[in-house]
Every structure is written in structure tokens, then in C-alpha cells.
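Structure file entry21.cif (mmCIF, C-alpha atoms) is printed below.
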```cif
data_protein
#
loop_
_atom_site.label_atom_id
_atom_site.label_comp_id
_atom_site.auth_asym_id
_atom_site.auth_seq_id
_atom_site.Cartn_x
_atom_site.Cartn_y
_atom_site.Cartn_z
CA MET A 600 0.00 0.00 0.00
CA GLY A 601 1.27 3.48 -0.85
CA ILE A 602 1.56 6.64 1.15
CA ARG A 603 -0.35 9.86 0.61
CA PHE A 604 0.67 13.22 1.96
CA VAL A 605 -1.32 16.06 3.46
CA LEU A 606 0.25 19.45 4.05
CA ASP A 607 -1.11 21.17 7.15
CA PRO A 608 -3.96 18.77 7.97
CA PRO A 609 -6.61 20.19 10.30
CA SER A 610 -5.36 20.02 13.89
CA THR A 611 -8.09 17.90 15.39
CA PRO A 612 -7.90 16.15 18.77
CA GLU A 613 -7.59 12.87 16.85
CA LEU A 614 -4.63 14.13 14.83
CA ARG A 615 -2.91 15.42 17.97
CA ASP A 616 -3.33 11.99 19.61
CA GLU A 617 -2.02 10.24 16.47
CA ILE A 618 1.04 12.50 16.41
CA VAL A 619 1.78 11.79 20.08
CA ARG A 620 1.43 8.02 19.51
CA LEU A 621 3.68 8.14 16.43
CA TRP A 622 6.28 10.31 18.17
CA THR A 623 6.33 7.97 21.18
CA ALA A 624 6.67 4.84 19.02
CA VAL A 625 9.50 6.35 16.97
CA THR A 626 11.36 7.48 20.11
CA ASN A 627 10.99 4.11 21.81
CA ALA A 628 12.32 2.39 18.68
CA GLY A 629 15.49 4.49 18.94
CA GLY A 630 14.53 7.40 16.71
CA ALA A 631 16.25 10.71 17.37
CA VAL A 632 13.23 13.01 17.39
CA GLY A 633 13.83 15.11 20.47
CA PHE A 634 13.79 12.47 23.19
CA VAL A 635 15.72 9.45 24.37
CA GLY A 636 13.59 6.38 25.04
CA PRO A 637 11.95 4.90 26.83
CA VAL A 638 9.21 7.53 26.94
CA THR A 639 5.47 7.53 27.48
CA GLU A 640 2.84 9.45 25.60
CA ASP A 641 2.58 11.72 28.65
CA ASP A 642 6.29 12.54 28.29
CA VAL A 643 5.96 13.40 24.61
CA ARG A 644 2.57 15.15 24.60
CA PRO A 645 3.56 18.65 25.86
CA PHE A 646 6.46 18.99 23.42
CA ALA A 647 4.52 17.50 20.51
CA LEU A 648 1.54 19.77 21.11
CA ALA A 649 3.76 22.86 21.37
CA THR A 650 5.42 21.92 18.09
CA LEU A 651 2.04 21.37 16.45
CA ARG A 652 0.75 24.73 17.75
CA ALA A 653 3.70 26.45 16.05
CA ALA A 654 2.66 24.81 12.79
CA ASP A 655 -1.01 25.68 13.33
CA ARG A 656 -0.20 29.35 13.73
CA GLY A 657 2.38 29.44 10.93
CA PRO A 658 4.78 30.01 9.41
CA ASP A 659 5.85 26.40 10.16
CA GLN A 660 4.10 23.59 8.32
CA LEU A 661 3.26 19.97 9.11
CA LEU A 662 3.66 17.39 6.37
CA ALA A 663 1.76 14.24 7.33
CA GLY A 664 2.01 10.89 5.56
CA TYR A 665 -0.90 8.44 5.66
CA GLN A 666 -1.36 4.82 4.74
CA GLY A 667 -5.10 4.56 4.36
CA ASP A 668 -6.38 6.64 7.27
CA GLU A 669 -3.42 5.87 9.54
CA LEU A 670 -0.74 8.48 10.22
CA ILE A 671 2.56 6.70 9.57
CA ALA A 672 5.02 9.54 8.89
CA LEU A 673 5.52 13.22 9.44
CA LEU A 674 7.93 16.10 9.47
CA PHE A 675 7.81 19.80 10.17
CA LEU A 676 9.05 22.41 7.71
CA THR A 677 10.16 25.22 9.99
CA ASP A 678 10.72 28.81 9.01
CA ASN A 679 13.95 30.41 10.20
CA ARG A 680 12.14 33.52 11.46
CA PHE A 681 15.04 35.66 10.27
CA HIS A 682 14.94 37.66 7.05
CA LEU A 683 18.51 36.81 6.01
CA LYS A 684 17.56 33.11 6.06
CA ALA A 685 14.18 33.43 4.37
CA HIS A 686 15.39 31.55 1.28
CA TRP A 687 15.70 28.14 3.04
CA CYS A 688 13.97 26.16 5.77
CA VAL A 689 14.73 23.53 8.39
CA LEU A 690 13.18 20.07 8.44
CA LYS A 691 12.49 18.90 11.97
CA ARG A 692 11.17 15.73 13.62
CA VAL A 693 11.39 13.60 10.49
CA MET A 694 9.75 10.30 11.43
CA VAL A 695 8.25 7.14 10.00
CA HIS A 696 6.49 4.62 12.21
CA PRO A 697 8.93 1.82 13.13
CA ASP A 698 6.58 -0.83 11.69
CA ARG A 699 6.61 0.97 8.32
CA GLN A 700 10.35 1.56 7.98
CA GLY A 701 12.23 -0.12 5.16
CA TYR A 702 9.45 0.32 2.59
CA GLY A 703 10.57 3.64 1.07
CA TYR A 704 8.18 5.83 3.06
CA GLY A 705 11.01 7.91 4.53
CA GLN A 706 12.39 8.61 1.09
CA ALA A 707 8.90 9.49 -0.18
CA LEU A 708 8.40 11.83 2.80
CA LEU A 709 11.67 13.67 2.10
CA ARG A 710 10.93 13.93 -1.62
CA GLU A 711 7.49 15.36 -0.85
CA ALA A 712 9.11 17.90 1.50
CA GLU A 713 11.41 18.93 -1.36
CA GLN A 714 8.39 19.58 -3.58
CA VAL A 715 6.66 21.61 -0.86
CA ALA A 716 9.85 23.63 -0.35
CA ARG A 717 10.26 24.30 -4.07
CA LYS A 718 6.63 25.48 -4.34
CA ALA A 719 7.28 27.80 -1.38
CA GLY A 720 10.29 29.24 -3.19
CA TRP A 721 12.91 27.94 -0.79
CA GLU A 722 16.33 27.30 -2.27
CA ALA A 723 17.61 24.73 0.23
CA LEU A 724 16.66 22.43 3.08
CA HIS A 725 18.60 21.98 6.31
CA LEU A 726 18.26 19.30 8.95
CA THR A 727 20.24 17.96 11.87
CA VAL A 728 21.03 14.36 12.72
CA ARG A 729 22.09 12.81 16.01
CA ASP A 730 25.40 11.01 15.51
CA GLY A 731 25.72 7.36 16.46
CA ARG A 732 22.76 5.88 14.59
CA GLY A 733 24.04 5.99 11.01
CA VAL A 734 20.99 7.95 9.84
CA GLU A 735 23.18 10.44 8.00
CA GLU A 736 23.77 7.76 5.34
CA PHE A 737 20.05 7.71 4.59
CA TYR A 738 20.11 11.46 4.00
CA ARG A 739 23.30 11.29 1.92
CA ARG A 740 21.59 8.85 -0.44
CA LEU A 741 18.89 11.50 -0.92
CA GLY A 742 21.42 14.19 -1.86
CA TYR A 743 21.98 15.86 1.50
CA ARG A 744 25.58 16.61 2.39
CA GLU A 745 27.19 17.12 5.75
CA VAL A 746 28.10 20.78 6.15
CA GLY A 747 29.11 20.83 9.79
CA ARG A 748 29.18 19.10 13.12
CA LEU A 749 28.74 20.32 16.68
CA PRO A 750 30.90 17.95 18.75
CA GLY A 751 29.16 16.56 21.82
CA ALA A 752 26.25 18.97 21.42
CA LEU A 753 23.61 16.38 22.37
CA ARG A 754 23.72 14.79 25.79
CA VAL A 755 21.58 11.67 25.48
CA GLY A 756 22.64 10.28 28.84
CA PRO A 757 25.31 10.51 31.50
CA GLY A 758 28.65 10.19 29.76
CA ASP A 759 26.96 9.83 26.36
CA ASP A 760 27.41 13.00 24.34
CA ARG A 761 26.75 12.85 20.61
CA ASP A 762 27.66 15.13 17.76
CA GLU A 763 24.90 17.04 16.06
CA ILE A 764 25.44 16.66 12.32
CA GLN A 765 24.30 19.55 10.10
CA MET A 766 23.04 18.46 6.68
CA TRP A 767 22.08 20.55 3.64
CA LEU A 768 20.22 19.94 0.40
CA PRO A 769 20.36 22.66 -2.29
CA LEU A 770 17.14 22.81 -4.31
CA THR A 771 18.35 25.08 -7.11
#
```
Spit out the file's structure as C-alpha cells when you get a sec.
Amino acid sequence: MGIRFVLDPPSTPELRDEIVRLWTAVTNAGGAVGFVGPVTEDDVRPFALATLRAADRGPDQLLAGYQGDELIALLFLTDNRFHLKAHWCVLKRVMVHPDRQGYGYGQALLREAEQVARKAGWEALHLTVRDGRGVEEFYRRLGYREVGRLPGALRVGPGDDRDEIQMWLPLT
């Protein structure tokens, strides 16, 4: 079954609950989406809802991926809120449900984000990756290149600091 995308779906209570469930599942499967597992939905909910509110009010946008009626993937296209950076945006919280990984949905999600960005007139996409999981290889295959690294910027646990990898995709 394929995936269909919706840009800025209506922020209903059901969607908010789906986002919290997805975010929790991705975190607990080892995904680097703002938390270190194990987490509960109660742990994730305040941060997820704040992130969604920023998209509801704009200028950030939510790109949601569905298989049938089930939310299986999402990312946020975030505005830099600075006029000298208005020509590019940041992708945040890129996630695909752990049960749906390995089927090309992540690639489809990123390609859809590229199309949204091009339509918005952005010239590049930026994202960050937590070192230690090998996820940067996934992004490299999609054309992103490493443009910098903040050594030990992410403290995921006592004595476990990880680099934050900066990645960039030119769209022009």
C-alpha cells in the first residue's frame, strides 16, 4: 500500500493523539526526534503539542504521511524567522512509524518535502542528525551533504554525548 501526503492537515484532537502516539513509538524504537527512550505518551505530549501549535499558527508547516487513514510519517518544515535566512527552511522531527520503515516511506516523505519547499520558493533544506545511529547515510543517499558538526552537542545520557550533524540539500 502506498503513502499519501497532506500538508497542514486540520489540527483535530484525533490528529494530535495520532502525532503523540507516532512520536512515542518512533522514540521508543530508537529514533532521534527530540527524546531518548523509553518515553510515554505523557512525556511526549507537551512537546509534541507545542510543536504542532507552532505549525497551526504558521509560518511552520506539518507534512503528514498516511497509509489509508493511519498516520505513519511526518515532518515539520520550519521557518527560520530571520529575514537573512528566508530563502531556506529547516526540516524537523522527520519520522516514519517503526513498523513501516524499510518500505521507502522515509524517502517518499523527504521527496514530498522537497516539492513543498520548491513550491514555497525555498532554495535549500537543512536538517540535523544525532550522531551514532548511522541515519546520516540515509540522507546522503537523498542528496543531503554534511556541512558541519557540533561535537558533543547532544547529551543523550550521563557520559553519552553525541555530535549534532548539520546536513544541507540545495534545491536550485
Picked residues, the PyMOL selection byres ((chain A and resi 719-724) around 9), as a PyMOL selection string | chain A and resi 676+685-690+712-718+725-726+743+766-771
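Distances to Arg603 (chain A) were evaluated for A:Ala631, A:Ala649, A:Val625, A:Leu708 using only C-alpha atoms, and the minimum falls at A:Leu708.
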So which residues are close to (33.1, 18.7, 12.0), meaning at most 12 Å away in the file's coordinates with only C-alpha atoms counted, and can you show them as a ChimeraX atom specification?
-> /A:730,745-752,762-766
Could you write out as a PyMOL selection string the residues that the PyMOL selection byres ((chain A and resi 624) around 10) matches in the shown file?
-> chain A and resi 618-623+625-630+636-640+694-698
Point-to-point distance from CA of Val632 (chain A) to CA of Tyr704 (chain A), Å rounded to tenths | 16.8 Å
Coordinates-based distance that separates CA of Leu662 (chain A) from CA of Phe675 (chain A) (Å, one decimal) | 6.1 Å
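Take CA of Leu661 (chain A) and CA of Thr677 (chain A): the distance between them is 8.7 Å.
Between Val693 (chain A) and the candidates A:Glu669, A:Pro757, A:Ala663, A:Phe681, the tightest atom-to-atom separation, counting all atoms listed in the file, involves A:Ala663.
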When distances are computed from all atoms listed in the file, which of A:Val755, A:Leu674, A:Leu614, A:Asp659 shows the smallest separation from Ala707 (chain A)?
-> A:Leu674
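Non-sequential neighbours of Pro609 (chain A) (distance at most 12 Å, separation of 3 or more positions within a chain, only C-alpha atoms) are Val605, Leu606, Pro612, Glu613, Leu614, Arg615, Leu651, Arg652, Ala654, Asp655, Arg656, Gln660, Leu661, Leu662 and Ala663 of chain A.
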Go through A:Asp607, A:Asp616, A:Glu735, A:Ala672 one by one, measure the shortest atom-to-atom distance of each to Ala653 (chain A) using only C-alpha atoms, and give the residue with the smallest value.
-> A:Asp607
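Of the residues listed (A:Asn679, A:Val635, A:Tyr738, A:Asp642), A:Tyr738 shows the shortest atom-to-atom separation from Arg710 (chain A); distances use all atoms listed in the file.
Each of A:Leu648, A:Val643, A:Val728, A:Ile671 was compared to Tyr702 (chain A) using all atoms listed in the file, and A:Ile671 turns out to be the nearest.
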Mind giving me the axis-aligned box for region 713-732 of chain A with 8 Å on every side, centre plus edges in Å to one decimal, as AutoDock Vina command-line options?
```
--center_x 16.2 --center_y 17.6 --center_z 6.1 --size_x 35.1 --size_y 39.4 --size_z 36.8
```
